[in-house]
>>> print(open('input_18.cif').read())   # mmCIF, C-alpha atoms
data_work
#
loop_
_atom_site.label_atom_id
_atom_site.label_comp_id
_atom_site.auth_asym_id
_atom_site.auth_seq_id
_atom_site.Cartn_x
_atom_site.Cartn_y
_atom_site.Cartn_z
CA MET A 194 46.20 -7.95 4.12
CA THR A 195 44.43 -6.09 6.92
CA ALA A 196 44.84 -7.79 10.29
CA TRP A 197 42.05 -7.60 12.86
CA PRO A 198 42.85 -4.92 15.44
CA PRO A 199 42.77 -5.65 19.21
CA GLN A 200 39.38 -4.01 19.36
CA VAL A 201 36.67 -2.94 16.97
CA VAL A 202 33.62 -0.78 17.63
CA LEU A 203 30.32 -2.15 16.38
CA ALA A 204 28.08 0.74 15.31
CA THR A 205 25.10 -0.20 17.44
CA ARG A 206 23.76 -0.06 20.96
CA ASN A 207 22.13 -3.48 20.49
CA LEU A 208 23.94 -5.79 22.92
CA LYS A 209 22.47 -8.87 21.26
CA LYS A 210 24.19 -7.93 18.02
CA GLN A 211 27.42 -7.40 19.94
CA LYS A 212 27.16 -10.83 21.55
CA GLU A 213 26.46 -12.49 18.21
CA LEU A 214 29.41 -10.78 16.49
CA GLN A 215 31.77 -11.57 19.37
CA ARG A 216 30.69 -15.23 19.25
CA ILE A 217 31.17 -15.47 15.48
CA LEU A 218 34.63 -13.89 15.60
CA SER A 219 35.62 -16.28 18.41
CA SER A 220 34.40 -19.27 16.43
CA HIS A 221 36.79 -18.19 13.67
CA GLY A 222 39.68 -17.91 16.17
CA ILE A 223 39.69 -14.12 16.21
CA ASP A 224 40.12 -12.61 19.68
CA THR A 225 39.37 -8.99 18.81
CA VAL A 226 37.19 -7.39 21.48
CA VAL A 227 33.87 -6.15 20.14
CA GLN A 228 32.86 -2.85 21.72
CA THR A 229 29.63 -1.00 21.01
CA LEU A 230 28.54 2.61 21.19
CA ALA A 231 27.44 1.87 24.74
CA ASP A 232 31.17 1.84 25.57
CA TYR A 233 31.49 5.40 24.23
CA PRO A 234 28.95 7.43 26.20
CA ASP A 235 30.14 10.69 24.65
CA TYR A 236 29.43 9.45 21.14
CA ILE A 237 26.36 11.13 19.76
CA ASP A 238 24.63 8.91 17.29
CA ASP A 239 23.10 11.35 14.87
CA VAL A 240 23.23 9.14 11.81
CA VAL A 241 19.94 9.17 9.96
CA GLU A 242 19.73 5.84 8.17
CA ASP A 243 18.26 7.29 5.01
CA ALA A 244 20.13 5.36 2.33
CA ALA A 245 18.17 3.33 -0.19
CA ASP A 246 19.67 -0.08 0.62
CA PHE A 247 21.46 -2.17 3.26
CA GLU A 248 24.89 -1.33 1.80
CA GLY A 249 24.25 2.40 2.00
CA ASN A 250 23.03 2.34 5.59
CA ALA A 251 25.85 0.08 6.79
CA LEU A 252 28.37 2.44 5.17
CA LEU A 253 26.75 5.47 6.82
CA LYS A 254 26.97 3.86 10.27
CA ALA A 255 30.50 2.44 9.98
CA ARG A 256 31.94 5.65 8.50
CA ALA A 257 30.31 7.81 11.19
CA VAL A 258 31.84 5.73 13.98
CA HIS A 259 35.26 5.59 12.33
CA ARG A 260 35.23 9.34 11.75
CA ALA A 261 34.03 10.25 15.25
CA LEU A 262 36.13 7.83 17.28
CA GLY A 263 39.17 7.24 15.05
CA VAL A 264 38.98 3.49 15.61
CA ALA A 265 38.34 0.44 13.47
CA ALA A 266 34.58 0.29 13.03
CA ILE A 267 32.15 -2.34 11.94
CA ALA A 268 28.48 -1.95 11.08
CA ASP A 269 25.80 -4.36 10.13
CA ASP A 270 22.64 -3.41 8.33
CA SER A 271 20.27 -6.28 8.08
CA GLY A 272 16.65 -7.15 7.79
CA LEU A 273 13.89 -9.48 6.85
CA CYS A 274 12.72 -9.34 3.23
CA VAL A 275 9.25 -10.87 2.86
CA ASP A 276 8.25 -11.94 -0.67
CA ALA A 277 4.57 -11.07 -0.18
CA LEU A 278 5.57 -7.61 1.07
CA ASN A 279 7.71 -7.03 -2.04
CA GLY A 280 10.89 -7.47 -0.02
CA MET A 281 9.87 -5.25 2.89
CA PRO A 282 10.41 -4.60 5.83
CA GLY A 283 13.96 -4.76 4.37
CA ILE A 284 16.00 -1.74 5.44
CA LEU A 285 13.10 -0.66 7.69
CA SER A 286 13.07 -3.94 9.65
CA ALA A 287 14.14 -2.37 12.95
CA ARG A 288 11.55 0.44 12.67
CA TRP A 289 8.74 -1.30 10.78
CA ALA A 290 6.02 -0.57 13.33
CA GLY A 291 7.14 3.07 13.54
CA ARG A 292 9.52 3.16 16.51
CA HIS A 293 13.14 2.05 16.38
CA GLY A 294 14.00 -1.27 17.98
CA ASP A 295 10.59 -2.43 19.19
CA ASP A 296 11.09 -6.11 18.26
CA THR A 297 7.70 -7.24 19.55
CA ALA A 298 5.70 -4.60 17.69
CA ASN A 299 7.68 -5.12 14.48
CA LEU A 300 7.22 -8.88 14.53
CA GLN A 301 3.51 -8.63 15.36
CA LEU A 302 2.94 -6.16 12.54
CA VAL A 303 4.55 -8.48 9.98
CA LEU A 304 2.44 -11.38 11.28
CA ASN A 305 -0.73 -9.27 10.95
CA GLN A 306 0.19 -8.07 7.47
CA CYS A 307 0.83 -11.66 6.37
CA LYS A 308 -2.24 -13.12 8.08
CA ASP A 309 -4.12 -13.80 4.82
CA ILE A 310 -1.05 -14.80 2.80
CA PRO A 311 -1.37 -18.50 1.88
CA ALA A 312 1.41 -20.98 2.72
CA GLU A 313 2.82 -21.12 -0.82
CA ARG A 314 3.54 -17.37 -0.78
CA ARG A 315 5.15 -17.06 2.66
CA GLY A 316 8.75 -17.13 1.42
CA ALA A 317 11.20 -14.67 2.96
CA GLN A 318 14.89 -14.10 3.47
CA PHE A 319 17.15 -12.48 5.96
CA VAL A 320 19.83 -10.25 4.44
CA ALA A 321 22.86 -8.79 6.20
CA VAL A 322 25.44 -6.39 4.84
CA VAL A 323 28.54 -5.88 6.93
CA VAL A 324 30.87 -2.95 6.44
CA TYR A 325 34.28 -2.83 8.09
CA VAL A 326 36.29 0.37 8.12
CA ALA A 327 39.88 -0.29 9.14
CA HIS A 328 41.79 2.15 11.33
CA ASP A 329 43.47 3.54 8.19
CA GLY A 330 40.09 4.14 6.52
CA ARG A 331 40.03 1.25 4.06
CA GLU A 332 36.53 -0.12 3.60
CA PHE A 333 35.32 -3.68 3.12
CA THR A 334 31.72 -4.70 2.39
CA THR A 335 30.25 -8.20 2.43
CA ARG A 336 26.75 -9.64 2.21
CA GLY A 337 25.00 -12.77 3.43
CA GLU A 338 21.51 -14.17 2.91
CA MET A 339 19.38 -16.85 4.54
CA ARG A 340 16.32 -18.10 2.66
CA GLY A 341 13.25 -19.55 4.41
CA HIS A 342 9.60 -18.88 5.17
CA LEU A 343 7.40 -17.22 7.78
CA ILE A 344 5.21 -19.15 10.20
CA ASP A 345 1.91 -18.00 11.77
CA ALA A 346 2.94 -17.47 15.39
CA PRO A 347 6.26 -16.93 17.19
CA ARG A 348 8.23 -19.92 18.54
CA GLY A 349 11.43 -19.94 20.59
CA ASP A 350 13.15 -17.49 22.88
CA ARG A 351 16.67 -17.35 21.52
CA GLY A 352 17.85 -14.79 18.98
CA PHE A 353 16.14 -11.47 18.45
CA GLY A 354 14.15 -9.44 15.95
CA TYR A 355 12.11 -11.61 13.61
CA ASP A 356 13.89 -14.86 14.57
CA PRO A 357 10.80 -16.40 16.28
CA ILE A 358 8.68 -16.32 13.10
CA PHE A 359 11.29 -17.47 10.56
CA VAL A 360 12.18 -21.03 9.57
CA ALA A 361 15.24 -21.40 7.35
CA ASP A 362 15.14 -23.71 4.32
CA GLY A 363 15.99 -27.27 5.39
CA GLU A 364 15.15 -26.61 9.07
CA THR A 365 12.01 -27.23 11.12
CA ALA A 366 13.04 -25.04 14.07
CA THR A 367 12.64 -21.28 13.96
CA ASN A 368 15.77 -19.15 14.14
CA ALA A 369 14.83 -18.49 17.78
CA GLU A 370 14.91 -22.24 18.50
CA LEU A 371 18.29 -22.98 16.88
CA THR A 372 21.41 -23.27 18.98
CA PRO A 373 23.63 -20.21 18.56
CA GLU A 374 26.24 -22.34 16.78
CA ARG A 375 23.72 -23.67 14.27
CA LYS A 376 22.23 -20.22 13.73
CA ASP A 377 25.68 -18.76 12.99
CA GLU A 378 26.35 -21.50 10.41
CA LEU A 379 23.12 -20.74 8.56
CA SER A 380 22.54 -17.09 9.18
CA HIS A 381 22.83 -14.08 6.91
CA ARG A 382 25.05 -12.40 9.53
CA GLY A 383 27.18 -15.50 9.99
CA LYS A 384 27.74 -15.72 6.23
CA ALA A 385 28.47 -12.01 5.77
CA LEU A 386 31.01 -12.13 8.60
CA ALA A 387 32.62 -15.31 7.30
CA HIS A 388 33.09 -13.54 3.98
CA LEU A 389 34.56 -10.52 5.73
CA ILE A 390 36.95 -12.68 7.74
CA SER A 391 38.23 -14.45 4.64
CA LEU A 392 38.50 -11.12 2.82
CA LEU A 393 40.67 -9.65 5.58
CA ALA A 394 42.73 -12.82 5.84
CA GLY A 395 43.19 -12.85 2.07
CA MET B 206 -22.69 -4.13 -25.66
CA THR B 207 -23.62 -4.54 -22.02
CA ALA B 208 -25.95 -1.82 -20.79
CA TRP B 209 -25.74 -0.62 -17.20
CA PRO B 210 -28.48 -2.27 -15.16
CA PRO B 211 -30.89 -0.25 -12.99
CA GLN B 212 -28.84 -1.17 -9.97
CA VAL B 213 -25.43 -2.60 -9.22
CA VAL B 214 -24.04 -3.90 -5.94
CA LEU B 215 -20.62 -2.60 -4.98
CA ALA B 216 -18.75 -5.30 -3.06
CA THR B 217 -17.94 -3.20 -0.02
CA ARG B 218 -19.41 -1.84 3.19
CA ASN B 219 -17.41 1.38 2.77
CA LEU B 220 -20.00 4.12 2.21
CA LYS B 221 -17.36 6.60 1.06
CA LYS B 222 -16.50 4.27 -1.81
CA GLN B 223 -20.20 3.99 -2.64
CA LYS B 224 -20.58 7.76 -2.69
CA GLU B 225 -17.54 8.18 -4.91
CA LEU B 226 -18.73 5.53 -7.40
CA GLN B 227 -22.25 6.96 -7.49
CA ARG B 228 -20.85 10.43 -8.15
CA ILE B 229 -18.56 9.21 -10.94
CA LEU B 230 -21.34 7.27 -12.66
CA SER B 231 -23.61 10.33 -12.45
CA SER B 232 -20.92 12.55 -13.96
CA HIS B 233 -20.91 10.19 -16.95
CA GLY B 234 -24.71 10.41 -17.23
CA ILE B 235 -25.36 6.92 -15.85
CA ASP B 236 -28.26 6.75 -13.38
CA THR B 237 -27.69 3.22 -12.12
CA VAL B 238 -28.21 3.04 -8.35
CA VAL B 239 -25.11 1.91 -6.48
CA GLN B 240 -25.97 -0.37 -3.59
CA THR B 241 -23.48 -1.87 -1.15
CA LEU B 242 -23.39 -4.95 1.02
CA ALA B 243 -24.94 -2.82 3.76
CA ASP B 244 -28.15 -3.06 1.70
CA TYR B 245 -28.00 -6.86 1.91
CA PRO B 246 -27.88 -7.62 5.63
CA ASP B 247 -28.14 -11.38 5.03
CA TYR B 248 -25.06 -11.40 2.85
CA ILE B 249 -22.19 -12.98 4.70
CA ASP B 250 -18.93 -11.56 3.54
CA ASP B 251 -16.55 -14.48 3.93
CA VAL B 252 -14.20 -13.55 1.11
CA VAL B 253 -10.60 -13.74 2.22
CA GLU B 254 -8.70 -11.29 0.03
CA ASP B 255 -5.71 -13.54 -0.41
CA ALA B 256 -4.91 -13.04 -4.09
CA ALA B 257 -1.47 -11.81 -5.08
CA ASP B 258 -2.57 -8.62 -6.83
CA PHE B 259 -5.33 -6.01 -7.15
CA GLU B 260 -6.91 -7.82 -10.13
CA GLY B 261 -7.16 -11.09 -8.20
CA ASN B 262 -8.73 -9.52 -5.12
CA ALA B 263 -11.22 -7.45 -7.13
CA LEU B 264 -12.27 -10.59 -9.01
CA LEU B 265 -12.70 -12.53 -5.76
CA LYS B 266 -14.98 -9.84 -4.33
CA ALA B 267 -17.08 -9.17 -7.45
CA ARG B 268 -17.59 -12.86 -8.20
CA ALA B 269 -18.60 -13.63 -4.62
CA VAL B 270 -21.29 -10.94 -4.66
CA HIS B 271 -22.57 -11.93 -8.09
CA ARG B 272 -22.71 -15.59 -7.07
CA ALA B 273 -24.41 -14.97 -3.72
CA LEU B 274 -26.93 -12.32 -4.76
CA GLY B 275 -27.46 -13.05 -8.47
CA VAL B 276 -27.15 -9.37 -9.34
CA ALA B 277 -24.74 -7.24 -11.36
CA ALA B 278 -21.73 -6.70 -9.11
CA ILE B 279 -18.85 -4.31 -9.10
CA ALA B 280 -15.72 -4.42 -6.98
CA ASP B 281 -12.78 -2.14 -6.61
CA ASP B 282 -9.45 -3.19 -5.23
CA SER B 283 -7.15 -0.28 -4.81
CA GLY B 284 -4.24 0.96 -2.83
CA LEU B 285 -1.28 3.18 -2.37
CA CYS B 286 2.02 1.92 -3.80
CA VAL B 287 4.96 3.72 -2.21
CA ASP B 288 8.27 3.56 -4.12
CA ALA B 289 10.42 3.52 -0.98
CA LEU B 290 8.32 0.64 0.39
CA ASN B 291 8.84 -1.36 -2.84
CA GLY B 292 5.26 -0.70 -3.90
CA MET B 293 3.65 -1.53 -0.56
CA PRO B 294 1.15 -1.14 1.16
CA GLY B 295 -0.37 -2.07 -2.25
CA ILE B 296 -3.01 -4.76 -1.87
CA LEU B 297 -2.65 -4.50 1.92
CA SER B 298 -3.48 -0.77 1.98
CA ALA B 299 -6.74 -1.17 3.90
CA ARG B 300 -5.13 -3.45 6.52
CA TRP B 301 -1.58 -2.12 6.63
CA ALA B 302 -1.50 -1.45 10.38
CA GLY B 303 -2.99 -4.88 11.05
CA ARG B 304 -6.73 -4.26 11.33
CA HIS B 305 -9.04 -3.83 8.34
CA GLY B 306 -10.23 -0.33 7.57
CA ASP B 307 -8.47 1.71 10.25
CA ASP B 308 -7.62 4.67 7.99
CA THR B 309 -5.91 6.70 10.70
CA ALA B 310 -3.64 3.90 11.87
CA ASN B 311 -2.77 2.91 8.29
CA LEU B 312 -1.88 6.45 7.28
CA GLN B 313 0.13 7.09 10.43
CA LEU B 314 2.10 3.88 9.94
CA VAL B 315 3.06 4.83 6.38
CA LEU B 316 4.12 8.29 7.61
CA ASN B 317 6.28 6.72 10.33
CA GLN B 318 7.82 4.22 7.94
CA CYS B 319 8.68 7.01 5.50
CA LYS B 320 9.92 9.45 8.15
CA ASP B 321 13.59 9.18 7.14
CA ILE B 322 12.96 8.90 3.39
CA PRO B 323 14.38 12.00 1.69
CA ALA B 324 12.21 14.15 -0.59
CA GLU B 325 13.63 12.78 -3.84
CA ARG B 326 12.55 9.25 -2.94
CA ARG B 327 8.98 9.96 -1.76
CA GLY B 328 7.28 9.03 -5.04
CA ALA B 329 4.11 6.96 -4.86
CA GLN B 330 1.04 6.03 -6.86
CA PHE B 331 -2.52 5.11 -6.25
CA VAL B 332 -3.73 2.11 -8.24
CA ALA B 333 -7.32 0.94 -8.69
CA VAL B 334 -8.59 -2.15 -10.43
CA VAL B 335 -12.32 -2.33 -11.06
CA VAL B 336 -14.10 -5.56 -11.90
CA TYR B 337 -17.67 -5.58 -13.15
CA VAL B 338 -19.62 -8.82 -13.34
CA ALA B 339 -22.76 -8.38 -15.41
CA HIS B 340 -26.01 -10.11 -14.45
CA ASP B 341 -25.27 -12.78 -17.07
CA GLY B 342 -21.82 -13.43 -15.61
CA ARG B 343 -19.65 -11.67 -18.17
CA GLU B 344 -16.61 -10.06 -16.55
CA PHE B 345 -14.87 -6.77 -17.31
CA THR B 346 -11.64 -5.54 -15.67
CA THR B 347 -10.08 -2.10 -15.91
CA ARG B 348 -7.22 -0.34 -14.17
CA GLY B 349 -6.32 3.26 -13.34
CA GLU B 350 -3.27 4.90 -11.78
CA MET B 351 -2.46 8.28 -10.27
CA ARG B 352 1.18 9.21 -9.80
CA GLY B 353 2.40 11.65 -7.14
CA HIS B 354 4.37 11.86 -3.90
CA LEU B 355 3.92 11.62 -0.14
CA ILE B 356 4.11 14.60 2.18
CA ASP B 357 5.19 14.62 5.85
CA ALA B 358 1.90 15.31 7.62
CA PRO B 359 -1.79 14.96 6.70
CA ARG B 360 -3.64 17.89 5.11
CA GLY B 361 -7.33 18.18 4.18
CA ASP B 362 -10.50 16.51 5.34
CA ARG B 363 -12.10 15.35 2.12
CA GLY B 364 -11.58 11.90 0.63
CA PHE B 365 -10.53 8.90 2.68
CA GLY B 366 -7.71 6.43 3.20
CA TYR B 367 -4.32 7.87 2.34
CA ASP B 368 -5.74 10.94 0.54
CA PRO B 369 -4.47 13.44 3.19
CA ILE B 370 -0.79 12.55 2.67
CA PHE B 371 -0.75 12.27 -1.14
CA VAL B 372 -0.17 15.06 -3.67
CA ALA B 373 -0.74 14.12 -7.32
CA ASP B 374 1.74 15.16 -10.00
CA GLY B 375 0.95 18.67 -11.20
CA GLU B 376 -1.08 19.53 -8.06
CA THR B 377 -0.13 21.32 -4.85
CA ALA B 378 -3.23 20.25 -2.90
CA THR B 379 -3.44 16.81 -1.31
CA ASN B 380 -6.12 14.44 -2.56
CA ALA B 381 -8.05 15.31 0.60
CA GLU B 382 -8.02 19.00 -0.36
CA LEU B 383 -9.20 18.56 -3.96
CA THR B 384 -12.82 19.13 -4.90
CA PRO B 385 -14.58 15.81 -5.57
CA GLU B 386 -14.89 16.73 -9.25
CA ARG B 387 -11.16 17.44 -9.60
CA LYS B 388 -10.28 14.30 -7.67
CA ASP B 389 -12.43 12.15 -9.97
CA GLU B 390 -10.72 13.62 -13.04
CA LEU B 391 -7.28 12.74 -11.71
CA SER B 392 -7.85 9.70 -9.60
CA HIS B 393 -6.97 6.07 -10.13
CA ARG B 394 -10.59 5.13 -9.39
CA GLY B 395 -11.96 7.82 -11.69
CA LYS B 396 -9.75 6.58 -14.52
CA ALA B 397 -10.52 2.90 -13.97
CA LEU B 398 -14.27 3.66 -13.96
CA ALA B 399 -14.02 5.88 -17.05
CA HIS B 400 -12.34 2.94 -18.82
CA LEU B 401 -15.07 0.59 -17.63
CA ILE B 402 -17.82 2.94 -18.77
CA SER B 403 -16.35 3.24 -22.24
CA LEU B 404 -15.78 -0.52 -22.38
CA LEU B 405 -19.44 -1.20 -21.57
CA ALA B 406 -20.60 1.49 -23.98
CA GLY B 407 -18.29 0.02 -26.59
#
>>> encode(input="input_18.cif", output="structure tokens")
Amino acid sequence: MTAWPPQVVLATRNLKKQKELQRILSSHGIDTVVQTLADYPDYIDDVVEDAADFEGNALLKARAVHRALGVAAIADDSGLCVDALNGMPGILSARWAGRHGDDTANLQLVLNQCKDIPAERRGAQFVAVVVYVAHDGREFTTRGEMRGHLIDAPRGDRGFGYDPIFVADGETATNAELTPERKDELSHRGKALAHLISLLAG
Amino acid sequence: MTAWPPQVVLATRNLKKQKELQRILSSHGIDTVVQTLADYPDYIDDVVEDAADFEGNALLKARAVHRALGVAAIADDSGLCVDALNGMPGILSARWAGRHGDDTANLQLVLNQCKDIPAERRGAQFVAVVVYVAHDGREFTTRGEMRGHLIDAPRGDRGFGYDPIFVADGETATNAELTPERKDELSHRGKALAHLISLLAG
């Protein structure tokens, strides 16, 4: 068994990811403090995310943080896989329009690319792979998926990334309209983290 | 046997495609005149290219022209299929950056998306499907492929579309640096048309 440490560094500068992870850990009764790279201003993030899949990129990020800072590290690599785009943007979700982290441009590009795709072929899924590297270097990898479909125009102002254009199976609200609690129950990241938590508790 | 008619309408307004088709037919000794939709100003192009593959979209375009104008029609649906993008842009090649026919934006977007892709995973292929609908309505479909890889920055000013960033297997020049004659020997479109010509001669 590997207990959660008092603090863990999430390999990102995305504060929305931090908030989501902190909330999910809390909901499972885990009081570990989630830090990000923003808390380590001397950390130079030179990881090129050039692996071929989510697992590879999450490993690259978590190992780099663990190696550089000597702390327990966690990384998430996640994305939207659109059926009509053969599973892309996938690992390129955060840089789909060409620049890293421009949520609005990325979302708009997917909408434009899917403009002529008829309703019956608008299926998509969110995928998240979470890698945890414990202080002693042991590695744990889990995966979560959320199946749904894309709509024509964004709705909702919660969440981030592609949340405003995605409706999960069984829901009518977009991911950006769900309450955080409901999103965490359904979401790829929520599921991957729940798996990780049970793995570490096991 | 279906002889080539005196003229055939290519279902496009892209004059570079017209020129390429005319040149390829000539090189096979066929003197059919290639017209385009630009020669039919009353033709209203309301075909939404919403099929799931090249074959489907080429059929949609060729049938629409044959039905509207009552002439022999030919359509090409073609694209660049990048391994690291799971075969995309594929059927969305001409509208990859969101607007139809913006070659520069499309090419630049693919370059940006592939920026971190290492050399060993930069394989790609051009695919062309050609559909010919004879005056009497008989339909013929052929396909051609050209395998190669993507480079980092455009080179050459011949050709069109993604030609400046693609180097075919066995070549060192990009498609935009090849002579037209060499390009037609190697190219997806050249091969698909050579198949069509032998099919019709058959």
>>> closest_atom_pairs(input="input_18.cif", of="chain A", to="chain B", cutoff="6 Å", atoms="all atoms listed in the file", output="tab-separated table")
residue	atom	partner	partner_atom	distance
A:Asp243	CA	B:Asp321	CA	5.5
A:Asn279	CA	B:Asn291	CA	5.8
A:Gly291	CA	B:Asn317	CA	4.9
A:Asn305	CA	B:Gly303	CA	4.9
A:Gln306	CA	B:Gly303	CA	5.8
A:Asp309	CA	B:Asp255	CA	5.5
A:Ile310	CA	B:Asp255	CA	5.8
>>> resolve_selection(input="input_18.cif", expression="the PyMOL selection byres ((chain A and resi 226) around 10)", output="list of chain:residue names")
A:Trp197, A:Pro198, A:Pro199, A:Gln200, A:Val201, A:Val202, A:Gln211, A:Leu214, A:Gln215, A:Leu218, A:Ser219, A:Ile223, A:Asp224, A:Thr225, A:Val227, A:Gln228, A:Thr229
>>> write_last_selection(input="input_18.cif", atoms="C-alpha atoms", output="PDB file, in the coordinates of the input")
ATOM      1  CA  TRP A 197      42.050  -7.600  12.860  1.00  0.00           C
ATOM      2  CA  PRO A 198      42.850  -4.920  15.440  1.00  0.00           C
ATOM      3  CA  PRO A 199      42.770  -5.650  19.210  1.00  0.00           C
ATOM      4  CA  GLN A 200      39.380  -4.010  19.360  1.00  0.00           C
ATOM      5  CA  VAL A 201      36.670  -2.940  16.970  1.00  0.00           C
ATOM      6  CA  VAL A 202      33.620  -0.780  17.630  1.00  0.00           C
ATOM      7  CA  GLN A 211      27.420  -7.400  19.940  1.00  0.00           C
ATOM      8  CA  LEU A 214      29.410 -10.780  16.490  1.00  0.00           C
ATOM      9  CA  GLN A 215      31.770 -11.570  19.370  1.00  0.00           C
ATOM     10  CA  LEU A 218      34.630 -13.890  15.600  1.00  0.00           C
ATOM     11  CA  SER A 219      35.620 -16.280  18.410  1.00  0.00           C
ATOM     12  CA  ILE A 223      39.690 -14.120  16.210  1.00  0.00           C
ATOM     13  CA  ASP A 224      40.120 -12.610  19.680  1.00  0.00           C
ATOM     14  CA  THR A 225      39.370  -8.990  18.810  1.00  0.00           C
ATOM     15  CA  VAL A 227      33.870  -6.150  20.140  1.00  0.00           C
ATOM     16  CA  GLN A 228      32.860  -2.850  21.720  1.00  0.00           C
ATOM     17  CA  THR A 229      29.630  -1.000  21.010  1.00  0.00           C
TER      18      THR A 229
END
>>> resolve_selection(input="input_18.cif", expression="the PyMOL selection byres ((chain A and resi 230) around 6)", output="list in words")
Thr205, Arg206, Thr229, Ala231, Asp232 and Tyr233 of chain A
>>> write_last_selection(input="input_18.cif", atoms="C-alpha atoms", output="PDB file, in the coordinates of the input")
ATOM      1  CA  THR A 205      25.100  -0.200  17.440  1.00  0.00           C
ATOM      2  CA  ARG A 206      23.760  -0.060  20.960  1.00  0.00           C
ATOM      3  CA  THR A 229      29.630  -1.000  21.010  1.00  0.00           C
ATOM      4  CA  ALA A 231      27.440   1.870  24.740  1.00  0.00           C
ATOM      5  CA  ASP A 232      31.170   1.840  25.570  1.00  0.00           C
ATOM      6  CA  TYR A 233      31.490   5.400  24.230  1.00  0.00           C
TER       7      TYR A 233
END
>>> resolve_selection(input="input_18.cif", expression="the PyMOL selection byres ((chain B and resi 356-371) around 10)", output="NGL selection string")
:B and (221-222 or 225 or 284-285 or 298-299 or 306-313 or 315-317 or 319-320 or 322 or 324 or 327-331 or 352-355 or 372-374 or 377-385 or 388)
>>> residues_around(input="input_18.cif", residues="A:Ala394", least_positions_apart="3", cutoff="12 Å", atoms="all atoms listed in the file", output="NGL selection string")
:A and (194-197 or 221-223 or 387-391)
>>> write_last_selection(input="input_18.cif", atoms="C-alpha atoms", output="mmCIF file, in the frame of the given file")
data_model
loop_
_atom_site.group_PDB
_atom_site.id
_atom_site.type_symbol
_atom_site.label_atom_id
_atom_site.label_comp_id
_atom_site.auth_asym_id
_atom_site.auth_seq_id
_atom_site.Cartn_x
_atom_site.Cartn_y
_atom_site.Cartn_z
ATOM 1 C CA MET A 194 46.200 -7.950 4.120
ATOM 2 C CA THR A 195 44.430 -6.090 6.920
ATOM 3 C CA ALA A 196 44.840 -7.790 10.290
ATOM 4 C CA TRP A 197 42.050 -7.600 12.860
ATOM 5 C CA HIS A 221 36.790 -18.190 13.670
ATOM 6 C CA GLY A 222 39.680 -17.910 16.170
ATOM 7 C CA ILE A 223 39.690 -14.120 16.210
ATOM 8 C CA ALA A 387 32.620 -15.310 7.300
ATOM 9 C CA HIS A 388 33.090 -13.540 3.980
ATOM 10 C CA LEU A 389 34.560 -10.520 5.730
ATOM 11 C CA ILE A 390 36.950 -12.680 7.740
ATOM 12 C CA SER A 391 38.230 -14.450 4.640
#
>>> closest_residue(input="input_18.cif", among="A:Gly263, A:Glu374, A:Arg256, A:Val275", to="A:Tyr325", atoms="all atoms listed in the file")
A:Arg256
>>> closest_residue(input="input_18.cif", among="A:Leu203, A:Ser220, A:Glu248, A:His259", to="A:Arg331", atoms="only C-alpha atoms")
A:His259
>>> atom_distance(input="input_18.cif", atom1="atom CA of B:Gly407", atom2="atom CA of B:Glu344")
14.3 Å
>>> atom_distance(input="input_18.cif", atom1="atom CA of B:Asp247", atom2="atom CA of B:Gly261")
24.8 Å
>>> axis_aligned_box(input="input_18.cif", around="stretch 280-293 of chain A", padding_each_side="3 Å", output="lines of an AutoDock Vina configuration file")
center_x = 11.0
center_y = -2.2
center_z = 8.2
size_x = 16.0
size_y = 16.6
size_z = 22.5
